[in-house]
$ cat query.tsv   # TSV, C-alpha atoms and all ligand atoms
chain	number	residue	atom	x	y	z
A	1	MET	CA	16.86	-8.61	3.58
A	2	THR	CA	17.20	-4.88	3.37
A	3	LEU	CA	15.06	-2.25	5.03
A	4	LEU	CA	14.25	0.32	2.38
A	5	PRO	CA	13.51	4.02	2.96
A	6	ILE	CA	9.81	4.83	2.55
A	7	HIS	CA	8.68	7.65	0.29
A	8	LEU	CA	6.34	10.12	1.97
A	9	LEU	CA	3.41	12.09	0.62
A	10	GLY	CA	4.92	14.71	-1.68
A	11	SER	CA	7.31	12.27	-3.37
A	12	PRO	CA	6.30	12.13	-7.06
A	13	ILE	CA	6.72	8.34	-7.36
A	14	LEU	CA	3.67	7.85	-5.12
A	15	ARG	CA	1.63	9.46	-7.89
A	16	GLU	CA	2.97	7.24	-10.67
A	17	ARG	CA	1.09	4.32	-12.15
A	18	ALA	CA	3.43	1.41	-11.48
A	19	ALA	CA	4.47	-0.79	-14.43
A	20	GLU	CA	3.35	-4.39	-15.00
A	21	ILE	CA	5.88	-7.06	-14.07
A	22	PRO	CA	6.50	-9.22	-17.16
A	23	GLU	CA	8.14	-12.06	-15.24
A	24	VAL	CA	8.69	-12.99	-11.59
A	25	THR	CA	12.48	-12.89	-11.41
A	26	ASN	CA	14.84	-13.30	-8.45
A	27	ASP	CA	15.03	-9.50	-8.27
A	28	ILE	CA	11.25	-9.38	-7.74
A	29	ARG	CA	11.47	-12.13	-5.08
A	30	ARG	CA	14.18	-10.14	-3.31
A	31	LEU	CA	12.04	-6.99	-3.54
A	32	VAL	CA	9.10	-8.88	-1.99
A	33	ASP	CA	11.31	-9.95	0.95
A	34	ASP	CA	12.47	-6.36	1.41
A	35	LEU	CA	8.88	-5.07	1.24
A	36	PHE	CA	7.77	-7.49	3.97
A	37	ALA	CA	10.77	-6.62	6.15
A	38	THR	CA	10.28	-2.88	5.71
A	39	MET	CA	6.52	-3.09	6.28
A	40	ARG	CA	7.00	-5.07	9.52
A	41	ALA	CA	9.82	-2.86	10.80
A	42	ASP	CA	7.60	0.19	10.30
A	43	GLY	CA	4.56	-1.46	11.87
A	44	GLY	CA	2.36	-1.58	8.76
A	45	VAL	CA	-0.09	-4.11	7.34
A	46	GLY	CA	0.70	-3.40	3.69
A	47	LEU	CA	3.36	-1.83	1.48
A	48	ALA	CA	3.52	-1.19	-2.26
A	49	ALA	CA	6.73	-1.05	-4.32
A	50	ASN	CA	6.31	2.59	-5.30
A	51	GLN	CA	6.37	3.46	-1.59
A	52	VAL	CA	10.00	2.32	-1.60
A	53	GLY	CA	10.75	4.12	-4.86
A	54	ILE	CA	10.21	1.25	-7.31
A	55	ALA	CA	7.31	1.83	-9.72
A	56	LYS	CA	6.48	-1.84	-10.35
A	57	ARG	CA	3.15	-3.56	-9.78
A	58	VAL	CA	3.96	-5.49	-6.64
A	59	ALA	CA	2.70	-5.00	-3.11
A	60	VAL	CA	2.59	-7.00	0.10
A	61	VAL	CA	-0.15	-7.31	2.71
A	62	ASP	CA	-0.27	-9.00	6.10
A	63	THR	CA	-3.20	-7.98	8.26
A	64	THR	CA	-2.73	-10.53	11.05
A	65	GLY	CA	1.05	-10.92	11.27
A	66	ASN	CA	0.59	-14.48	10.11
A	67	ASP	CA	-1.06	-14.18	6.70
A	68	PRO	CA	1.54	-12.86	4.23
A	69	LEU	CA	0.08	-12.07	0.85
A	70	VAL	CA	2.01	-11.02	-2.25
A	71	LEU	CA	0.16	-9.06	-4.91
A	72	ILE	CA	1.92	-9.08	-8.28
A	73	ASN	CA	0.08	-7.43	-11.20
A	74	PRO	CA	-3.17	-7.43	-9.17
A	75	VAL	CA	-6.46	-6.82	-10.97
A	76	VAL	CA	-9.76	-6.28	-9.18
A	77	LEU	CA	-12.39	-8.55	-10.73
A	78	GLU	CA	-15.28	-7.91	-8.40
A	79	THR	CA	-16.23	-5.74	-5.44
A	80	THR	CA	-19.30	-6.06	-3.23
A	81	GLY	CA	-20.71	-4.25	-0.23
A	82	LYS	CA	-19.35	-1.31	1.63
A	83	GLN	CA	-17.31	-0.74	4.80
A	84	VAL	CA	-16.20	2.45	6.50
A	85	ASP	CA	-13.24	2.37	8.86
A	86	GLU	CA	-10.19	4.31	9.90
A	87	GLU	CA	-7.23	4.01	7.57
A	88	GLY	CA	-3.63	5.15	7.64
A	89	CYS	CA	-0.59	4.80	5.40
A	90	LEU	CA	3.14	4.34	6.02
A	91	SER	CA	3.72	7.15	3.49
A	92	ILE	CA	1.54	9.55	5.51
A	93	PRO	CA	2.55	8.67	9.08
A	94	GLU	CA	0.41	9.68	12.05
A	95	LEU	CA	-2.57	10.78	9.97
A	96	TYR	CA	-5.74	8.71	9.88
A	97	ALA	CA	-9.22	9.11	8.43
A	98	ASP	CA	-12.36	7.10	7.81
A	99	VAL	CA	-12.30	5.68	4.29
A	100	THR	CA	-15.13	3.92	2.47
A	101	ARG	CA	-14.10	0.69	0.74
A	102	ALA	CA	-15.77	-2.37	-0.69
A	103	GLN	CA	-16.49	-4.97	1.99
A	104	ARG	CA	-15.37	-7.86	-0.21
A	105	VAL	CA	-13.06	-8.07	-3.20
A	106	VAL	CA	-12.13	-10.72	-5.70
A	107	VAL	CA	-8.74	-10.07	-7.27
A	108	GLU	CA	-6.54	-11.86	-9.74
A	109	ILE	CA	-2.85	-11.91	-8.85
A	110	THR	CA	0.38	-13.49	-9.97
A	111	ARG	CA	2.01	-15.55	-7.24
A	112	LEU	CA	5.74	-15.76	-6.59
A	113	ASP	CA	5.78	-19.07	-8.49
A	114	GLY	CA	4.45	-17.21	-11.53
A	115	GLU	CA	0.99	-18.75	-11.42
A	116	ARG	CA	-2.01	-16.49	-11.95
A	117	VAL	CA	-4.70	-17.13	-9.34
A	118	ARG	CA	-7.93	-15.69	-7.98
A	119	LEU	CA	-8.18	-14.56	-4.42
A	120	GLU	CA	-11.13	-13.48	-2.35
A	121	ALA	CA	-10.95	-11.31	0.77
A	122	GLU	CA	-13.33	-9.57	3.13
A	123	ASP	CA	-13.34	-6.86	5.75
A	124	PHE	CA	-9.92	-5.58	6.96
A	125	LYS	CA	-7.94	-7.76	4.54
A	126	ALA	CA	-10.08	-6.54	1.63
A	127	ARG	CA	-9.48	-2.97	2.80
A	128	ALA	CA	-5.70	-3.49	2.87
A	129	ILE	CA	-5.72	-5.05	-0.61
A	130	GLN	CA	-7.73	-2.14	-2.04
A	131	HIS	CA	-5.40	0.37	-0.36
A	132	GLU	CA	-2.31	-1.31	-1.88
A	133	ILE	CA	-3.78	-1.64	-5.36
A	134	ASP	CA	-4.62	2.07	-5.17
A	135	HIS	CA	-0.92	2.75	-4.48
A	136	LEU	CA	0.04	0.92	-7.68
A	137	ASP	CA	-2.28	3.29	-9.56
A	138	GLY	CA	-0.79	6.36	-7.88
A	139	VAL	CA	-3.82	6.82	-5.61
A	140	LEU	CA	-3.56	7.55	-1.88
A	141	PHE	CA	-6.24	7.16	0.79
A	142	VAL	CA	-6.50	10.95	1.12
A	143	ASP	CA	-7.85	10.99	-2.45
A	144	ARG	CA	-10.84	8.96	-1.24
A	145	LEU	CA	-11.93	11.58	1.33
A	146	SER	CA	-14.39	14.40	0.84
A	147	PRO	CA	-12.70	17.61	-0.40
A	148	LEU	CA	-13.15	19.22	3.02
A	149	LYS	CA	-11.67	16.32	4.96
A	150	ARG	CA	-8.82	16.03	2.47
A	151	ARG	CA	-7.98	19.73	2.86
A	152	MET	CA	-7.97	19.42	6.66
A	153	LEU	CA	-5.69	16.40	6.56
A	154	LEU	CA	-3.28	17.98	4.06
A	155	LYS	CA	-3.10	21.10	6.22
A	156	LYS	CA	-2.15	18.98	9.22
A	157	TRP	CA	0.43	17.18	7.09
A	158	GLN	CA	2.01	20.46	6.00
A	159	LYS	CA	2.19	21.62	9.61
A	160	MET	CA	3.84	18.34	10.67
A	161	ARG	CA	6.28	18.55	7.76
A	162	LYS	CA	7.35	22.12	8.45
A	163	GLY	CA	11.13	22.33	8.37
A	164	SER	CA	11.53	18.78	6.98
A	165	VAL	CA	13.71	18.29	3.96
A	166	GLY	CA	12.97	15.68	1.30
A	167	TYR	CA	10.39	12.93	1.23
A	168	LEU	CA	12.25	9.87	2.48
A	169	LYS	CA	11.74	8.15	5.81
A	170	GLU	CA	14.50	5.81	6.98
A	171	VAL	CA	13.15	2.61	8.52
A	172	ALA	CA	15.14	1.05	11.35
A	173	THR	CA	15.01	-2.45	12.76
A	174	PRO	CA	12.69	-2.34	15.78
A	175	ALA	CA	14.35	-3.01	19.12
A	176	GLU	CA	13.62	-6.53	20.40
B	201	ZN	ZN	-0.44	3.27	2.00
$ encode --input "query.tsv" --output "structure tokens"
Amino acid sequence: MTLLPIHLLGSPILRERAAEIPEVTNDIRRLVDDLFATMRADGGVGLAANQVGIAKRVAVVDTTGNDPLVLINPVVLETTGKQVDEEGCLSIPELYADVTRAQRVVVEITRLDGERVRLEAEDFKARAIQHEIDHLDGVLFVDRLSPLKRRMLLKKWQKMRKGSVGYLKEVATPAE
């Protein structure tokens, strides 16, 4: 497994609509392993391929540390209810804001074995799935804030980024 550098807000690939995956190949399986490893090393609960510079429709989610979920070519079939909670993103480290999401989602995904299945999730897991599918469409959680809140957050981001060069964050193996 390889830890991949994470693209930060400002990197154009985060704004791209990722491409459908025609077939689950060994390269995709390897990418999924790397996504999980990178997500865990950086302390996240989800990571989409375009966050590591690969504009393909695959993302991983694990909200409990023991519930790994692979989303390949995910499509939202149904959303119900509403939840508001604090959200962050590995591509926008240290910034958080309340984001409104559906409370429950039904999605259709391709599994690693190539089978297309339906999946239902609620609450925090549903939030993580919606966040990752947004990534694959080039959408970030800051886009879901009110214009005022978004401006405030982006201002903070620019302050934090002052003097930084480029939009890549190296991810290191956490110390045991
Ligand atoms: Zn994110």
$ closest_atom_pairs --input "query.tsv" --of "chain A" --to "ligand ZN 201 (chain B)" --cutoff "12 Å" --atoms "only C-alpha atoms and all ligand atoms" --output "Markdown table"
| residue | atom | partner | partner_atom | distance |
| --- | --- | --- | --- | --- |
| A:Ile6 | CA | B:ZN201 | ZN | 10.4 |
| A:His7 | CA | B:ZN201 | ZN | 10.3 |
| A:Leu8 | CA | B:ZN201 | ZN | 9.6 |
| A:Leu9 | CA | B:ZN201 | ZN | 9.7 |
| A:Leu14 | CA | B:ZN201 | ZN | 9.4 |
| A:Arg15 | CA | B:ZN201 | ZN | 11.8 |
| A:Met39 | CA | B:ZN201 | ZN | 10.4 |
| A:Asp42 | CA | B:ZN201 | ZN | 12.0 |
| A:Gly44 | CA | B:ZN201 | ZN | 8.8 |
| A:Val45 | CA | B:ZN201 | ZN | 9.1 |
| A:Gly46 | CA | B:ZN201 | ZN | 7.0 |
| A:Leu47 | CA | B:ZN201 | ZN | 6.4 |
| A:Ala48 | CA | B:ZN201 | ZN | 7.3 |
| A:Ala49 | CA | B:ZN201 | ZN | 10.5 |
| A:Asn50 | CA | B:ZN201 | ZN | 10.0 |
| A:Gln51 | CA | B:ZN201 | ZN | 7.7 |
| A:Val52 | CA | B:ZN201 | ZN | 11.1 |
| A:Ala59 | CA | B:ZN201 | ZN | 10.2 |
| A:Val60 | CA | B:ZN201 | ZN | 10.9 |
| A:Val61 | CA | B:ZN201 | ZN | 10.6 |
| A:Glu87 | CA | B:ZN201 | ZN | 8.8 |
| A:Gly88 | CA | B:ZN201 | ZN | 6.7 |
| A:Cys89 | CA | B:ZN201 | ZN | 3.7 |
| A:Leu90 | CA | B:ZN201 | ZN | 5.5 |
| A:Ser91 | CA | B:ZN201 | ZN | 5.9 |
| A:Ile92 | CA | B:ZN201 | ZN | 7.5 |
| A:Pro93 | CA | B:ZN201 | ZN | 9.4 |
| A:Glu94 | CA | B:ZN201 | ZN | 12.0 |
| A:Leu95 | CA | B:ZN201 | ZN | 11.2 |
| A:Tyr96 | CA | B:ZN201 | ZN | 10.9 |
| A:Arg127 | CA | B:ZN201 | ZN | 11.0 |
| A:Ala128 | CA | B:ZN201 | ZN | 8.6 |
| A:Ile129 | CA | B:ZN201 | ZN | 10.2 |
| A:Gln130 | CA | B:ZN201 | ZN | 9.9 |
| A:His131 | CA | B:ZN201 | ZN | 6.2 |
| A:Glu132 | CA | B:ZN201 | ZN | 6.3 |
| A:Ile133 | CA | B:ZN201 | ZN | 9.5 |
| A:Asp134 | CA | B:ZN201 | ZN | 8.4 |
| A:His135 | CA | B:ZN201 | ZN | 6.5 |
| A:Leu136 | CA | B:ZN201 | ZN | 10.0 |
| A:Asp137 | CA | B:ZN201 | ZN | 11.7 |
| A:Gly138 | CA | B:ZN201 | ZN | 10.4 |
| A:Val139 | CA | B:ZN201 | ZN | 9.1 |
| A:Leu140 | CA | B:ZN201 | ZN | 6.6 |
| A:Phe141 | CA | B:ZN201 | ZN | 7.1 |
| A:Val142 | CA | B:ZN201 | ZN | 9.8 |
| A:Asp143 | CA | B:ZN201 | ZN | 11.6 |
$ residues_around --input "query.tsv" --residues "Ala126 in chain A" --least-positions-apart "2" --cutoff "9 Å" --atoms "only C-alpha atoms" --output "VMD selection string"
chain A and resid 101 to 106 120 to 124 128 to 131
$ atom_distance --input "query.tsv" --atom1 "CA of Met160 in chain A" --atom2 "CA of Ile54 in chain A"
25.6 Å
$ atom_distance --input "query.tsv" --atom1 "CA of Leu77 in chain A" --atom2 "CA of Glu108 in chain A"
6.8 Å
$ residues_near_point --input "query.tsv" --point "(15.7, -10.9, 3.6)" --cutoff "9 Å" --atoms "only C-alpha atoms" --output "ChimeraX atom specification"
/A:1-3,30-34,36-37
$ atom_distance --input "query.tsv" --atom1 "CA of Asp67 in chain A" --atom2 "CA of Ala41 in chain A"
16.2 Å
$ residues_around --input "query.tsv" --residues "Glu23 in chain A" --least-positions-apart "3" --cutoff "12 Å" --atoms "only C-alpha atoms" --output "list of chain:residue names"
A:Ala19, A:Glu20, A:Asn26, A:Asp27, A:Ile28, A:Arg29, A:Lys56, A:Arg57, A:Val58, A:Ile72, A:Asn73, A:Thr110, A:Arg111, A:Leu112, A:Asp113, A:Gly114, A:Glu115, A:Arg116
$ residues_near_point --input "query.tsv" --point "(-13.5, 9.9, 6.1)" --cutoff "8 Å" --atoms "all atoms listed in the file" --output "JSON, numbers by chain"
{"A": [84, 86, 97, 98, 99, 100, 144, 145, 146, 149]}
$ closest_residue --input "query.tsv" --among "A:Tyr167, A:Leu4, A:Pro22, A:Arg118" --to "Val76 in chain A" --atoms "all atoms listed in the file"
A:Arg118
$ build_atoms --input "query.tsv" --residues "range 75-92 of chain A" --atoms "N, CA, C and O atoms" --output "JSON list (two decimals), keeping the file's coordinate frame"
[["chain", "number", "residue", "atom", "x", "y", "z"],
["A", 75, "VAL", "N", -5.32, -7.41, -10.25],
["A", 75, "VAL", "CA", -6.46, -6.82, -10.97],
["A", 75, "VAL", "C", -7.71, -7.11, -10.17],
["A", 75, "VAL", "O", -7.94, -8.26, -9.76],
["A", 76, "VAL", "N", -8.50, -6.08, -9.90],
["A", 76, "VAL", "CA", -9.76, -6.28, -9.18],
["A", 76, "VAL", "C", -10.80, -6.79, -10.16],
["A", 76, "VAL", "O", -11.08, -6.16, -11.17],
["A", 77, "LEU", "N", -11.38, -7.96, -9.85],
["A", 77, "LEU", "CA", -12.39, -8.55, -10.73],
["A", 77, "LEU", "C", -13.79, -8.20, -10.26],
["A", 77, "LEU", "O", -14.71, -8.11, -11.06],
["A", 78, "GLU", "N", -13.93, -8.06, -8.95],
["A", 78, "GLU", "CA", -15.28, -7.91, -8.40],
["A", 78, "GLU", "C", -15.19, -7.23, -7.04],
["A", 78, "GLU", "O", -14.30, -7.52, -6.26],
["A", 79, "THR", "N", -16.12, -6.31, -6.79],
["A", 79, "THR", "CA", -16.23, -5.74, -5.44],
["A", 79, "THR", "C", -17.69, -5.80, -5.03],
["A", 79, "THR", "O", -18.59, -5.63, -5.87],
["A", 80, "THR", "N", -17.92, -6.08, -3.74],
["A", 80, "THR", "CA", -19.30, -6.06, -3.23],
["A", 80, "THR", "C", -19.34, -5.41, -1.85],
["A", 80, "THR", "O", -18.38, -5.47, -1.10],
["A", 81, "GLY", "N", -20.48, -4.82, -1.56],
["A", 81, "GLY", "CA", -20.71, -4.25, -0.23],
["A", 81, "GLY", "C", -19.90, -3.01, 0.03],
["A", 81, "GLY", "O", -19.24, -2.47, -0.86],
["A", 82, "LYS", "N", -19.96, -2.56, 1.26],
["A", 82, "LYS", "CA", -19.35, -1.31, 1.63],
["A", 82, "LYS", "C", -18.92, -1.40, 3.08],
["A", 82, "LYS", "O", -19.62, -1.98, 3.91],
["A", 83, "GLN", "N", -17.76, -0.84, 3.40],
["A", 83, "GLN", "CA", -17.31, -0.74, 4.80],
["A", 83, "GLN", "C", -16.66, 0.63, 4.98],
["A", 83, "GLN", "O", -16.04, 1.15, 4.06],
["A", 84, "VAL", "N", -16.84, 1.18, 6.17],
["A", 84, "VAL", "CA", -16.20, 2.45, 6.50],
["A", 84, "VAL", "C", -15.37, 2.21, 7.76],
["A", 84, "VAL", "O", -15.88, 1.70, 8.75],
["A", 85, "ASP", "N", -14.10, 2.54, 7.68],
["A", 85, "ASP", "CA", -13.24, 2.37, 8.86],
["A", 85, "ASP", "C", -12.02, 3.27, 8.73],
["A", 85, "ASP", "O", -11.72, 3.77, 7.66],
["A", 86, "GLU", "N", -11.35, 3.44, 9.86],
["A", 86, "GLU", "CA", -10.19, 4.31, 9.90],
["A", 86, "GLU", "C", -9.02, 3.68, 9.14],
["A", 86, "GLU", "O", -8.78, 2.49, 9.25],
["A", 87, "GLU", "N", -8.33, 4.51, 8.38],
["A", 87, "GLU", "CA", -7.23, 4.01, 7.57],
["A", 87, "GLU", "C", -6.03, 4.94, 7.72],
["A", 87, "GLU", "O", -6.18, 6.14, 7.89],
["A", 88, "GLY", "N", -4.86, 4.37, 7.64],
["A", 88, "GLY", "CA", -3.63, 5.15, 7.64],
["A", 88, "GLY", "C", -2.71, 4.62, 6.56],
["A", 88, "GLY", "O", -3.08, 3.72, 5.81],
["A", 89, "CYS", "N", -1.51, 5.18, 6.47],
["A", 89, "CYS", "CA", -0.59, 4.80, 5.40],
["A", 89, "CYS", "C", 0.84, 5.08, 5.87],
["A", 89, "CYS", "O", 1.10, 6.13, 6.46],
["A", 90, "LEU", "N", 1.75, 4.14, 5.60],
["A", 90, "LEU", "CA", 3.14, 4.34, 6.02],
["A", 90, "LEU", "C", 3.78, 5.54, 5.32],
["A", 90, "LEU", "O", 4.76, 6.08, 5.80],
["A", 91, "SER", "N", 3.19, 5.98, 4.20],
["A", 91, "SER", "CA", 3.72, 7.15, 3.49],
["A", 91, "SER", "C", 3.13, 8.46, 4.01],
["A", 91, "SER", "O", 3.54, 9.54, 3.58],
["A", 92, "ILE", "N", 2.14, 8.35, 4.91],
["A", 92, "ILE", "CA", 1.54, 9.55, 5.51],
["A", 92, "ILE", "C", 1.43, 9.30, 7.01],
["A", 92, "ILE", "O", 0.34, 9.21, 7.57]]
